[in-house]
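Data file: target10.cif. Format and content: mmCIF, C-alpha atoms.
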data_final
#
loop_
_atom_site.group_PDB
_atom_site.id
_atom_site.type_symbol
_atom_site.label_atom_id
_atom_site.label_comp_id
_atom_site.auth_asym_id
_atom_site.auth_seq_id
_atom_site.Cartn_x
_atom_site.Cartn_y
_atom_site.Cartn_z
ATOM 1 C CA MET A 13 -11.068 -4.543 -5.884
ATOM 2 C CA THR A 14 -12.672 -5.479 -2.605
ATOM 3 C CA GLN A 15 -13.660 -3.233 0.245
ATOM 4 C CA ASP A 16 -11.612 -4.960 2.917
ATOM 5 C CA LYS A 17 -8.364 -4.637 0.953
ATOM 6 C CA LEU A 18 -8.642 -0.819 0.940
ATOM 7 C CA ASP A 19 -6.969 -0.720 -2.464
ATOM 8 C CA GLY A 20 -7.439 1.525 -5.496
ATOM 9 C CA VAL A 21 -6.955 5.305 -5.567
ATOM 10 C CA ILE A 22 -8.098 6.784 -2.261
ATOM 11 C CA VAL A 23 -7.632 10.543 -2.103
ATOM 12 C CA ALA A 24 -6.603 12.289 1.093
ATOM 13 C CA ALA A 25 -9.180 14.986 0.486
ATOM 14 C CA ALA A 26 -8.053 18.559 1.080
ATOM 15 C CA LEU A 27 -10.255 20.515 3.470
ATOM 16 C CA PRO A 28 -11.725 23.879 2.391
ATOM 17 C CA TYR A 29 -12.305 26.758 4.782
ATOM 18 C CA ALA A 30 -14.442 29.880 4.627
ATOM 19 C CA GLU A 31 -13.459 33.103 6.332
ATOM 20 C CA ASP A 32 -15.304 33.510 9.625
ATOM 21 C CA ALA A 33 -14.027 35.745 12.408
ATOM 22 C CA SER A 34 -15.770 33.611 15.035
ATOM 23 C CA ALA A 35 -14.067 30.369 13.948
ATOM 24 C CA PRO A 36 -10.619 29.091 14.992
ATOM 25 C CA ALA A 37 -7.926 31.159 13.249
ATOM 26 C CA GLY A 38 -10.753 33.008 11.499
ATOM 27 C CA LEU A 39 -11.458 30.006 9.250
ATOM 28 C CA ARG A 40 -14.620 27.905 9.350
ATOM 29 C CA VAL A 41 -14.736 24.449 7.764
ATOM 30 C CA ASP A 42 -16.814 24.737 4.581
ATOM 31 C CA PHE A 43 -18.718 21.467 4.782
ATOM 32 C CA ASP A 44 -20.802 22.073 1.658
ATOM 33 C CA ARG A 45 -17.719 22.692 -0.442
ATOM 34 C CA TYR A 46 -15.997 19.670 1.114
ATOM 35 C CA ALA A 47 -18.936 17.420 0.242
ATOM 36 C CA GLU A 48 -18.861 18.663 -3.343
ATOM 37 C CA HIS A 49 -15.133 18.005 -3.540
ATOM 38 C CA CYS A 50 -15.472 14.443 -2.243
ATOM 39 C CA ARG A 51 -18.204 13.717 -4.791
ATOM 40 C CA TRP A 52 -16.086 15.247 -7.576
ATOM 41 C CA LEU A 53 -13.141 13.015 -6.752
ATOM 42 C CA VAL A 54 -15.221 9.847 -6.916
ATOM 43 C CA GLU A 55 -17.076 10.984 -10.040
ATOM 44 C CA ASN A 56 -13.688 11.469 -11.716
ATOM 45 C CA GLY A 57 -12.607 7.881 -11.227
ATOM 46 C CA CYS A 58 -11.071 7.709 -7.754
ATOM 47 C CA ARG A 59 -12.213 4.817 -5.595
ATOM 48 C CA GLY A 60 -12.747 6.837 -2.460
ATOM 49 C CA VAL A 61 -11.598 9.536 -0.083
ATOM 50 C CA GLY A 62 -9.670 9.722 3.169
ATOM 51 C CA PRO A 63 -10.829 12.490 5.510
ATOM 52 C CA ASN A 64 -8.885 13.567 8.590
ATOM 53 C CA GLY A 65 -5.388 12.819 7.389
ATOM 54 C CA SER A 66 -2.488 15.246 7.442
ATOM 55 C CA LEU A 67 -3.647 16.732 4.148
ATOM 56 C CA GLY A 68 -7.077 17.143 5.739
ATOM 57 C CA GLU A 69 -5.438 19.168 8.546
ATOM 58 C CA TYR A 70 -6.945 16.929 11.235
ATOM 59 C CA SER A 71 -4.569 18.225 13.900
ATOM 60 C CA SER A 72 -5.935 21.751 13.430
ATOM 61 C CA LEU A 73 -9.560 20.710 13.973
ATOM 62 C CA SER A 74 -11.664 20.574 17.101
ATOM 63 C CA GLU A 75 -13.079 17.181 18.054
ATOM 64 C CA GLU A 76 -16.506 18.261 16.838
ATOM 65 C CA GLU A 77 -15.139 19.469 13.518
ATOM 66 C CA ARG A 78 -13.084 16.332 13.029
ATOM 67 C CA ARG A 79 -16.063 14.033 13.405
ATOM 68 C CA ALA A 80 -18.256 16.268 11.255
ATOM 69 C CA VAL A 81 -15.660 16.175 8.473
ATOM 70 C CA ALA A 82 -15.709 12.370 8.478
ATOM 71 C CA CYS A 83 -19.505 12.281 8.473
ATOM 72 C CA THR A 84 -19.621 14.762 5.603
ATOM 73 C CA ALA A 85 -17.328 12.594 3.487
ATOM 74 C CA ILE A 86 -19.292 9.428 4.264
ATOM 75 C CA GLU A 87 -22.598 11.035 3.345
ATOM 76 C CA ALA A 88 -21.202 12.698 0.221
ATOM 77 C CA VAL A 89 -19.647 9.531 -1.201
ATOM 78 C CA GLY A 90 -22.596 7.329 -0.332
ATOM 79 C CA GLU A 91 -22.555 4.005 -2.152
ATOM 80 C CA ASP A 92 -20.355 5.287 -4.986
ATOM 81 C CA GLY A 93 -17.022 4.831 -3.226
ATOM 82 C CA ILE A 94 -15.306 4.096 0.051
ATOM 83 C CA VAL A 95 -14.281 6.353 2.911
ATOM 84 C CA VAL A 96 -11.153 5.565 4.948
ATOM 85 C CA VAL A 97 -11.149 7.859 7.972
ATOM 86 C CA GLY A 98 -7.960 9.032 9.652
ATOM 87 C CA VAL A 99 -8.016 7.994 13.328
ATOM 88 C CA HIS A 100 -4.569 9.196 14.357
ATOM 89 C CA GLY A 101 -4.072 9.890 18.041
ATOM 90 C CA PRO A 102 -1.349 10.268 20.667
ATOM 91 C CA GLY A 103 -2.455 7.129 22.513
ATOM 92 C CA ALA A 104 -4.187 3.845 21.784
ATOM 93 C CA HIS A 105 -7.278 4.889 23.733
ATOM 94 C CA GLN A 106 -7.689 7.986 21.582
ATOM 95 C CA ALA A 107 -7.101 6.203 18.270
ATOM 96 C CA ARG A 108 -9.544 3.476 19.311
ATOM 97 C CA ALA A 109 -12.159 6.059 20.275
ATOM 98 C CA TRP A 110 -11.878 7.713 16.859
ATOM 99 C CA THR A 111 -12.157 4.279 15.246
ATOM 100 C CA GLU A 112 -15.326 3.560 17.213
ATOM 101 C CA LYS A 113 -16.806 6.840 16.009
ATOM 102 C CA ALA A 114 -15.823 6.014 12.416
ATOM 103 C CA ALA A 115 -17.569 2.660 12.707
ATOM 104 C CA GLU A 116 -20.704 4.284 14.129
ATOM 105 C CA ASP A 117 -20.714 6.827 11.306
ATOM 106 C CA GLY A 118 -20.450 4.243 8.512
ATOM 107 C CA ALA A 119 -16.794 4.398 7.440
ATOM 108 C CA HIS A 120 -15.459 1.563 5.289
ATOM 109 C CA GLY A 121 -12.073 1.527 7.005
ATOM 110 C CA VAL A 122 -9.566 3.614 8.921
ATOM 111 C CA LEU A 123 -6.056 4.934 8.386
ATOM 112 C CA CYS A 124 -3.906 5.012 11.515
ATOM 113 C CA LEU A 125 -0.432 6.294 12.329
ATOM 114 C CA PRO A 126 1.576 4.874 15.217
ATOM 115 C CA PRO A 127 1.196 6.964 18.385
ATOM 116 C CA THR A 128 1.637 10.614 17.500
ATOM 117 C CA MET A 129 3.709 13.020 19.618
ATOM 118 C CA TYR A 130 5.680 10.087 21.084
ATOM 119 C CA ARG A 131 8.375 7.812 19.700
ATOM 120 C CA ALA A 132 6.807 4.472 20.591
ATOM 121 C CA ASN A 133 8.715 1.218 20.844
ATOM 122 C CA ILE A 134 7.599 -1.864 18.932
ATOM 123 C CA ALA A 135 5.563 -3.340 21.788
ATOM 124 C CA GLU A 136 3.726 -0.029 22.173
ATOM 125 C CA VAL A 137 3.120 0.173 18.424
ATOM 126 C CA ILE A 138 1.637 -3.320 18.360
ATOM 127 C CA HIS A 139 -0.603 -2.500 21.343
ATOM 128 C CA HIS A 140 -1.735 0.673 19.575
ATOM 129 C CA TYR A 141 -2.856 -1.255 16.509
ATOM 130 C CA GLU A 142 -4.367 -4.082 18.557
ATOM 131 C CA GLN A 143 -6.702 -1.551 20.121
ATOM 132 C CA VAL A 144 -7.630 0.060 16.814
ATOM 133 C CA ALA A 145 -8.128 -3.263 15.043
ATOM 134 C CA SER A 146 -10.307 -4.612 17.857
ATOM 135 C CA VAL A 147 -13.130 -2.281 16.791
ATOM 136 C CA GLY A 148 -13.673 -4.404 13.689
ATOM 137 C CA LEU A 149 -13.173 -2.022 10.776
ATOM 138 C CA PRO A 150 -10.509 -2.767 8.149
ATOM 139 C CA VAL A 151 -7.323 -0.982 9.217
ATOM 140 C CA MET A 152 -4.654 0.574 7.018
ATOM 141 C CA VAL A 153 -1.551 1.183 9.089
ATOM 142 C CA TYR A 154 0.462 4.228 8.077
ATOM 143 C CA ASN A 155 4.241 4.160 7.962
ATOM 144 C CA ASN A 156 5.494 7.745 8.072
ATOM 145 C CA PRO A 157 8.878 7.594 9.825
ATOM 146 C CA PHE A 158 9.582 11.260 9.077
ATOM 147 C CA ASP A 159 6.724 12.618 11.180
ATOM 148 C CA THR A 160 6.352 9.899 13.823
ATOM 149 C CA LYS A 161 10.042 8.909 14.171
ATOM 150 C CA VAL A 162 8.770 5.310 14.203
ATOM 151 C CA ASP A 163 9.656 3.148 11.212
ATOM 152 C CA LEU A 164 7.231 0.318 10.485
ATOM 153 C CA THR A 165 9.781 -1.873 8.754
ATOM 154 C CA PRO A 166 8.715 -4.890 6.701
ATOM 155 C CA GLN A 167 9.528 -7.067 9.710
ATOM 156 C CA VAL A 168 7.261 -5.011 11.993
ATOM 157 C CA LEU A 169 4.527 -4.997 9.355
ATOM 158 C CA ALA A 170 4.713 -8.775 9.195
ATOM 159 C CA GLU A 171 3.838 -8.809 12.901
ATOM 160 C CA LEU A 172 1.038 -6.294 12.501
ATOM 161 C CA ALA A 173 -0.390 -8.270 9.582
ATOM 162 C CA GLN A 174 -1.142 -11.086 12.024
ATOM 163 C CA LEU A 175 -3.747 -8.893 13.733
ATOM 164 C CA ASP A 176 -7.330 -9.436 12.653
ATOM 165 C CA ASN A 177 -8.605 -6.534 10.525
ATOM 166 C CA VAL A 178 -5.154 -5.108 9.674
ATOM 167 C CA VAL A 179 -5.416 -5.326 5.902
ATOM 168 C CA ALA A 180 -3.150 -2.678 4.345
ATOM 169 C CA VAL A 181 -0.195 -0.374 4.859
ATOM 170 C CA LYS A 182 0.237 3.130 3.513
ATOM 171 C CA GLU A 183 3.984 3.115 2.810
ATOM 172 C CA PHE A 184 5.496 6.606 2.959
ATOM 173 C CA SER A 185 9.164 5.820 3.576
ATOM 174 C CA GLY A 186 9.940 6.488 -0.099
ATOM 175 C CA ASP A 187 11.962 3.279 -0.297
ATOM 176 C CA VAL A 188 10.322 1.337 -3.127
ATOM 177 C CA ARG A 189 12.540 -1.664 -2.327
ATOM 178 C CA ARG A 190 10.210 -2.274 0.580
ATOM 179 C CA VAL A 191 7.206 -3.042 -1.606
ATOM 180 C CA LEU A 192 8.499 -6.461 -2.601
ATOM 181 C CA GLU A 193 9.872 -7.185 0.870
ATOM 182 C CA ILE A 194 6.527 -6.415 2.500
ATOM 183 C CA ARG A 195 4.761 -8.606 -0.030
ATOM 184 C CA GLU A 196 7.197 -11.420 0.739
ATOM 185 C CA LEU A 197 6.936 -11.158 4.540
ATOM 186 C CA ALA A 198 3.240 -10.250 4.751
ATOM 187 C CA PRO A 199 1.617 -11.565 1.557
ATOM 188 C CA GLY A 200 -1.901 -10.869 2.785
ATOM 189 C CA LEU A 201 -1.209 -7.166 3.389
ATOM 190 C CA THR A 202 -2.112 -4.698 0.632
ATOM 191 C CA VAL A 203 0.792 -2.317 0.033
ATOM 192 C CA VAL A 204 -0.518 1.171 -0.687
ATOM 193 C CA ALA A 205 1.738 3.807 -2.231
ATOM 194 C CA GLY A 206 1.805 6.713 0.192
ATOM 195 C CA ALA A 207 4.002 9.203 -1.662
ATOM 196 C CA ASP A 208 2.867 10.552 -5.008
ATOM 197 C CA ASP A 209 6.387 10.920 -6.397
ATOM 198 C CA VAL A 210 7.119 7.178 -6.194
ATOM 199 C CA VAL A 211 3.650 5.918 -7.078
ATOM 200 C CA LEU A 212 4.496 4.439 -10.462
ATOM 201 C CA GLU A 213 7.616 2.739 -9.129
ATOM 202 C CA SER A 214 5.568 1.312 -6.247
ATOM 203 C CA LEU A 215 2.783 0.074 -8.520
ATOM 204 C CA MET A 216 5.323 -1.552 -10.832
ATOM 205 C CA MET A 217 6.638 -3.494 -7.843
ATOM 206 C CA GLY A 218 3.162 -4.727 -6.965
ATOM 207 C CA ALA A 219 1.549 -2.098 -4.757
ATOM 208 C CA GLY A 220 -2.202 -2.537 -4.878
ATOM 209 C CA GLY A 221 -3.334 0.947 -3.952
ATOM 210 C CA TRP A 222 -2.471 4.635 -3.818
ATOM 211 C CA PHE A 223 -3.422 6.861 -0.883
ATOM 212 C CA ALA A 224 -2.960 10.040 -2.749
ATOM 213 C CA GLY A 225 -2.467 13.793 -2.503
ATOM 214 C CA PHE A 226 -2.251 15.317 -5.966
ATOM 215 C CA PRO A 227 -5.346 13.512 -7.271
ATOM 216 C CA ASN A 228 -7.068 16.388 -5.456
ATOM 217 C CA VAL A 229 -5.807 18.322 -8.473
ATOM 218 C CA PHE A 230 -5.774 15.680 -11.222
ATOM 219 C CA PRO A 231 -8.273 12.957 -10.208
ATOM 220 C CA ALA A 232 -9.212 11.513 -13.609
ATOM 221 C CA GLU A 233 -5.633 11.530 -14.834
ATOM 222 C CA SER A 234 -4.433 9.920 -11.609
ATOM 223 C CA ALA A 235 -7.094 7.212 -11.843
ATOM 224 C CA LEU A 236 -5.926 6.519 -15.385
ATOM 225 C CA LEU A 237 -2.288 6.367 -14.278
ATOM 226 C CA TYR A 238 -3.214 3.834 -11.619
ATOM 227 C CA SER A 239 -5.207 1.722 -14.066
ATOM 228 C CA LEU A 240 -2.443 1.704 -16.674
ATOM 229 C CA ALA A 241 0.130 0.601 -14.127
ATOM 230 C CA ARG A 242 -2.082 -2.100 -12.659
ATOM 231 C CA GLU A 243 -2.797 -3.416 -16.161
ATOM 232 C CA GLY A 244 0.929 -3.629 -16.915
ATOM 233 C CA LYS A 245 0.810 -0.861 -19.526
ATOM 234 C CA PHE A 246 3.995 0.645 -18.186
ATOM 235 C CA ALA A 247 5.082 2.560 -21.288
ATOM 236 C CA GLU A 248 1.778 4.427 -21.361
ATOM 237 C CA ALA A 249 1.879 4.950 -17.601
ATOM 238 C CA LYS A 250 5.418 6.337 -17.781
ATOM 239 C CA ALA A 251 4.475 8.749 -20.553
ATOM 240 C CA LEU A 252 1.730 10.174 -18.329
ATOM 241 C CA TYR A 253 3.722 10.078 -15.092
ATOM 242 C CA GLU A 254 6.850 11.917 -16.218
ATOM 243 C CA PRO A 255 5.152 15.283 -16.918
ATOM 244 C CA LEU A 256 3.284 15.077 -13.605
ATOM 245 C CA VAL A 257 6.015 13.899 -11.254
ATOM 246 C CA ALA A 258 7.603 17.313 -10.679
ATOM 247 C CA ALA A 259 4.286 18.476 -9.249
ATOM 248 C CA PHE A 260 3.850 15.174 -7.405
ATOM 249 C CA ARG A 261 7.170 15.737 -5.587
ATOM 250 C CA TRP A 262 5.509 18.491 -3.590
ATOM 251 C CA ASP A 263 3.457 15.770 -1.877
ATOM 252 C CA SER A 264 6.626 14.764 -0.001
ATOM 253 C CA ARG A 265 7.624 18.275 1.075
ATOM 254 C CA THR A 266 6.867 20.169 4.264
ATOM 255 C CA GLU A 267 4.420 22.505 2.536
ATOM 256 C CA PHE A 268 2.490 19.722 0.788
ATOM 257 C CA VAL A 269 -0.927 20.898 2.015
ATOM 258 C CA GLN A 270 -0.391 24.444 0.790
ATOM 259 C CA ALA A 271 1.064 23.124 -2.480
ATOM 260 C CA ILE A 272 -1.873 20.854 -3.236
ATOM 261 C CA LYS A 273 -4.388 23.578 -2.411
ATOM 262 C CA ARG A 274 -2.486 25.929 -4.725
ATOM 263 C CA GLY A 275 -2.562 23.263 -7.427
ATOM 264 C CA MET A 276 -6.309 23.020 -7.043
ATOM 265 C CA GLU A 277 -6.601 26.760 -7.555
ATOM 266 C CA LEU A 278 -4.506 26.611 -10.726
ATOM 267 C CA VAL A 279 -6.814 24.044 -12.336
ATOM 268 C CA GLY A 280 -9.932 26.021 -11.465
ATOM 269 C CA ARG A 281 -10.932 24.319 -8.225
ATOM 270 C CA PHE A 282 -11.160 25.903 -4.777
ATOM 271 C CA GLY A 283 -8.090 25.348 -2.633
ATOM 272 C CA GLY A 284 -8.065 28.205 -0.186
ATOM 273 C CA PRO A 285 -6.007 28.861 2.933
ATOM 274 C CA CYS A 286 -4.772 26.558 5.682
ATOM 275 C CA ARG A 287 -5.159 26.872 9.405
ATOM 276 C CA PRO A 288 -2.045 27.360 11.537
ATOM 277 C CA PRO A 289 0.587 26.181 11.903
ATOM 278 C CA ARG A 290 0.565 26.150 8.101
ATOM 279 C CA GLY A 291 1.145 29.567 6.571
ATOM 280 C CA PRO A 292 1.292 30.794 2.985
ATOM 281 C CA LEU A 293 3.996 29.672 0.590
ATOM 282 C CA SER A 294 6.964 31.976 0.156
ATOM 283 C CA ALA A 295 7.253 33.798 -3.160
ATOM 284 C CA GLU A 296 10.191 31.584 -4.126
ATOM 285 C CA LYS A 297 8.382 28.327 -3.391
ATOM 286 C CA LEU A 298 5.209 29.563 -5.030
ATOM 287 C CA ALA A 299 7.100 30.321 -8.242
ATOM 288 C CA SER A 300 8.755 26.898 -8.176
ATOM 289 C CA LEU A 301 5.454 25.111 -7.564
ATOM 290 C CA ASP A 302 3.699 27.074 -10.290
ATOM 291 C CA ALA A 303 6.402 26.113 -12.777
ATOM 292 C CA ASP A 304 6.037 22.435 -11.880
ATOM 293 C CA MET A 305 2.275 22.691 -12.125
ATOM 294 C CA ARG A 306 2.514 24.469 -15.473
ATOM 295 C CA ARG A 307 4.527 21.611 -16.921
ATOM 296 C CA ALA A 308 1.838 19.155 -15.864
ATOM 297 C CA MET A 309 -1.042 21.340 -17.039
ATOM 298 C CA ASP A 310 0.564 22.048 -20.418
ATOM 299 C CA TYR A 311 1.054 18.338 -21.049
ATOM 300 C CA LEU A 312 -2.503 17.505 -20.063
ATOM 301 C CA ALA A 313 -3.845 20.319 -22.248
ATOM 302 C CA GLU A 314 -2.075 18.801 -25.255
ATOM 303 C CA HIS A 315 -2.963 15.182 -24.505
ATOM 304 C CA SER A 316 -6.496 14.018 -23.867
ATOM 305 C CA VAL A 317 -5.726 11.434 -21.202
ATOM 306 C CA ALA A 318 -8.618 11.654 -18.751
ATOM 307 C CA ALA A 319 -10.561 8.422 -18.402
#
Would you kindly transcribe this structure into structure tokens?
Amino acid sequence: MTQDKLDGVIVAAALPYAEDASAPAGLRVDFDRYAEHCRWLVENGCRGVGPNGSLGEYSSLSEEERRAVACTAIEAVGEDGIVVVGVHGPGAHQARAWTEKAAEDGAHGVLCLPPTMYRANIAEVIHHYEQVASVGLPVMVYNNPFDTKVDLTPQVLAELAQLDNVVAVKEFSGDVRRVLEIRELAPGLTVVAGADDVVLESLMMGAGGWFAGFPNVFPAESALLYSLAREGKFAEAKALYEPLVAAFRWDSRTEFVQAIKRGMELVGRFGGPCRPPRGPLSAEKLASLDADMRRAMDYLAEHSVAA
């Protein structure tokens, strides 16, 4: 794996809060706990972390908090992994400014959505990424047509791949047929699985990375799953994936942040609350999530699979 490909298992690290009446929504970012979590993920076999993504609740942070979160991850990981900072913004000038800060702070690359809060056309999307890529860091574009209402199709990605420093795409459409098509149209672009519940299918089709949610809960097991798939050991990978995939499906649901933090709690880690607009899980959804998590935990308790 090379740095500029932004491949491997990169975890969208969940952000812990501590109760503090003086902080926004009564929740202060717990930077010490976040640093420990980032180190734990890398120590358990993940290649790196991705602060300030949706799972990191970037849209609920102040500008000062957002930059401090990125700096905390970079310092915590050090030379043991890579940090791919989320630089999402409504306009190209904002995304570029966040990319410049990431470069100053020592990030290895950035993850960038198309313009947020606006359904951009293709020319506007290309301009957006031109500005981000011009900073010089490796760029992973992020196709999330559900949230942005902009679909970075394989044809659009082929255009974006012509930009210097655009090296990867986090593919969250859920359509695994696209993996091969992207590889055909943009062979130099690393396809990164963006949804946990199609990760094995994506890796089998040639995806080179996984920008992941549930490895916040199961990092060593997820790193092993990735390695097995990349080595072509698909029977072993499938045996591990099937008991986990019911939990992984929560990564593609509206309450994915709450679900992953709850999963962390169930395995003995700190998950904690979310800032608004995210509220607690309903009793019905909590029971469903816990059942899916129990299936995964029971399997892992009976099978020593951690790398």
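On the file presented, the PyMOL selection byres ((chain A and resi 18-31) around 6) picks out Gln15, Asp16, Lys17, Asp32, Gly38, Leu39, Arg40, Val41, Asp42, Cys58, Arg59, Gly60, Val61, Gly62, Pro63, Leu67, Gly68, Gly220, Gly221, Trp222, Phe223, Ala224 and Gly225 of chain A.
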Could those residues be written to a file, using C-alpha atoms, as a CSV table (one decimal), keeping the file's coordinate frame?
chain,number,residue,atom,x,y,z
A,15,GLN,CA,-13.7,-3.2,0.2
A,16,ASP,CA,-11.6,-5.0,2.9
A,17,LYS,CA,-8.4,-4.6,1.0
A,32,ASP,CA,-15.3,33.5,9.6
A,38,GLY,CA,-10.8,33.0,11.5
A,39,LEU,CA,-11.5,30.0,9.2
A,40,ARG,CA,-14.6,27.9,9.4
A,41,VAL,CA,-14.7,24.4,7.8
A,42,ASP,CA,-16.8,24.7,4.6
A,58,CYS,CA,-11.1,7.7,-7.8
A,59,ARG,CA,-12.2,4.8,-5.6
A,60,GLY,CA,-12.7,6.8,-2.5
A,61,VAL,CA,-11.6,9.5,-0.1
A,62,GLY,CA,-9.7,9.7,3.2
A,63,PRO,CA,-10.8,12.5,5.5
A,67,LEU,CA,-3.6,16.7,4.1
A,68,GLY,CA,-7.1,17.1,5.7
A,220,GLY,CA,-2.2,-2.5,-4.9
A,221,GLY,CA,-3.3,0.9,-4.0
A,222,TRP,CA,-2.5,4.6,-3.8
A,223,PHE,CA,-3.4,6.9,-0.9
A,224,ALA,CA,-3.0,10.0,-2.7
A,225,GLY,CA,-2.5,13.8,-2.5
Within-9 Å shell of (-4.9, -6.1, 17.1) in input frame, all atoms listed in the file, as a VMD selection string | chain A and resid 138 to 146 172 174 to 178
Long-range neighbours of Cys286 of chain A as a ChimeraX atom specification, 7 Å cut-off, all atoms listed in the file, 3 positions minimum in chain
/A:270,290-291
Item to complete: Go through the shown structure with the PyMOL selection byres ((chain A and resi 125) around 8) and write out the matching residues as an NGL selection string.
Response: :A and (99-101 or 123-124 or 126-128 or 153-156 or 160)
(request) Any chance you could resolve the PyMOL selection byres ((chain A and resi 186) around 10) against this file and give the residues as a list in words? (result) Asn156, Glu183, Phe184, Ser185, Asp187, Val188, Arg189, Arg190, Ala205, Gly206, Ala207, Asp208, Asp209, Val210, Val211, Ser214 and Ser264 of chain A
Pick the closest to Pro227 of chain A from A:Pro102, A:Gly275, A:Gly244, A:Pro199: which is it, counting all atoms listed in the file?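 Ranking A:Pro102, A:Gly275, A:Gly244, A:Pro199 by distance to Pro227 of chain A, first place goes to A:Gly275.
Closest to Ala247 of chain A among A:Cys83, A:Val203, A:Met216, A:Ala107 is A:Met216, based on all atoms listed in the file.
With only C-alpha atoms as the atoms that count, the minimum distance from Val269 of chain A to the choices A:Pro36, A:Pro231, A:Gly65, A:Gly148 is reached by A:Gly65.
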*Residues at most 9 Å from Val229 of chain A, counting all atoms listed in the file, excluding those fewer than 5 positions away in the same chain, as a ChimeraX atom specification?*
/A:272-273,275-279,281
Open item on the list: Just to confirm, what's the straight-line distance from atom CA of Trp110 of chain A to atom CA of Glu171 of chain A in Å (one decimal)?
Closed with: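 Taking atom CA of Trp110 of chain A and atom CA of Glu171 of chain A, their separation equals 23.1 Å.
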Expressed in Å, the length from atom CA of Met309 of chain A to atom CA of Arg51 of chain A is 22.4 Å
Nearest to Asn228 of chain A, restricted to all atoms listed in the file and choosing among A:Arg306, A:Arg274, A:Lys297, A:Arg78, comes out as A:Arg274
If you count only C-alpha atoms, the residue of A:Thr111, A:Ser234, A:Ser74, A:Thr266 closest to Ala35 of chain A turns out to be A:Ser74
*Can you tell me how far atom CA of Val162 of chain A sits from atom CA of Arg131 of chain A, in Å to one decimal?*
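These atoms are spaced 6.1 Å apart.
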Please, could N, CA, C and O atoms be added to segment 106-117 of chain A and the result written as a PDB file, in the coordinates of the input?
ATOM      1  N   GLN A 106      -7.140   6.944  22.440  1.00  0.00           N
ATOM      2  CA  GLN A 106      -7.689   7.986  21.582  1.00  0.00           C
ATOM      3  C   GLN A 106      -7.919   7.471  20.163  1.00  0.00           C
ATOM      4  O   GLN A 106      -8.968   7.719  19.554  1.00  0.00           O
ATOM      5  N   ALA A 107      -6.939   6.750  19.613  1.00  0.00           N
ATOM      6  CA  ALA A 107      -7.101   6.203  18.270  1.00  0.00           C
ATOM      7  C   ALA A 107      -8.268   5.218  18.223  1.00  0.00           C
ATOM      8  O   ALA A 107      -9.043   5.195  17.258  1.00  0.00           O
ATOM      9  N   ARG A 108      -8.415   4.413  19.273  1.00  0.00           N
ATOM     10  CA  ARG A 108      -9.544   3.476  19.311  1.00  0.00           C
ATOM     11  C   ARG A 108     -10.869   4.236  19.382  1.00  0.00           C
ATOM     12  O   ARG A 108     -11.840   3.864  18.718  1.00  0.00           O
ATOM     13  N   ALA A 109     -10.921   5.287  20.168  1.00  0.00           N
ATOM     14  CA  ALA A 109     -12.159   6.059  20.275  1.00  0.00           C
ATOM     15  C   ALA A 109     -12.549   6.660  18.930  1.00  0.00           C
ATOM     16  O   ALA A 109     -13.735   6.651  18.539  1.00  0.00           O
ATOM     17  N   TRP A 110     -11.579   7.178  18.189  1.00  0.00           N
ATOM     18  CA  TRP A 110     -11.878   7.713  16.859  1.00  0.00           C
ATOM     19  C   TRP A 110     -12.320   6.598  15.911  1.00  0.00           C
ATOM     20  O   TRP A 110     -13.188   6.795  15.049  1.00  0.00           O
ATOM     21  N   THR A 111     -11.758   5.408  16.075  1.00  0.00           N
ATOM     22  CA  THR A 111     -12.157   4.279  15.246  1.00  0.00           C
ATOM     23  C   THR A 111     -13.589   3.865  15.558  1.00  0.00           C
ATOM     24  O   THR A 111     -14.381   3.549  14.651  1.00  0.00           O
ATOM     25  N   GLU A 112     -13.949   3.875  16.833  1.00  0.00           N
ATOM     26  CA  GLU A 112     -15.326   3.560  17.213  1.00  0.00           C
ATOM     27  C   GLU A 112     -16.305   4.558  16.615  1.00  0.00           C
ATOM     28  O   GLU A 112     -17.388   4.178  16.120  1.00  0.00           O
ATOM     29  N   LYS A 113     -15.944   5.821  16.622  1.00  0.00           N
ATOM     30  CA  LYS A 113     -16.806   6.840  16.009  1.00  0.00           C
ATOM     31  C   LYS A 113     -16.920   6.606  14.503  1.00  0.00           C
ATOM     32  O   LYS A 113     -18.006   6.733  13.918  1.00  0.00           O
ATOM     33  N   ALA A 114     -15.797   6.273  13.860  1.00  0.00           N
ATOM     34  CA  ALA A 114     -15.823   6.014  12.416  1.00  0.00           C
ATOM     35  C   ALA A 114     -16.743   4.847  12.098  1.00  0.00           C
ATOM     36  O   ALA A 114     -17.490   4.875  11.103  1.00  0.00           O
ATOM     37  N   ALA A 115     -16.697   3.813  12.918  1.00  0.00           N
ATOM     38  CA  ALA A 115     -17.569   2.660  12.707  1.00  0.00           C
ATOM     39  C   ALA A 115     -19.036   3.056  12.869  1.00  0.00           C
ATOM     40  O   ALA A 115     -19.898   2.669  12.066  1.00  0.00           O
ATOM     41  N   GLU A 116     -19.333   3.831  13.903  1.00  0.00           N
ATOM     42  CA  GLU A 116     -20.704   4.284  14.129  1.00  0.00           C
ATOM     43  C   GLU A 116     -21.220   5.124  12.960  1.00  0.00           C
ATOM     44  O   GLU A 116     -22.402   5.066  12.609  1.00  0.00           O
ATOM     45  N   ASP A 117     -20.320   5.894  12.346  1.00  0.00           N
ATOM     46  CA  ASP A 117     -20.714   6.827  11.306  1.00  0.00           C
ATOM     47  C   ASP A 117     -20.761   6.202   9.920  1.00  0.00           C
ATOM     48  O   ASP A 117     -21.183   6.857   8.960  1.00  0.00           O
TER      49      ASP A 117
END
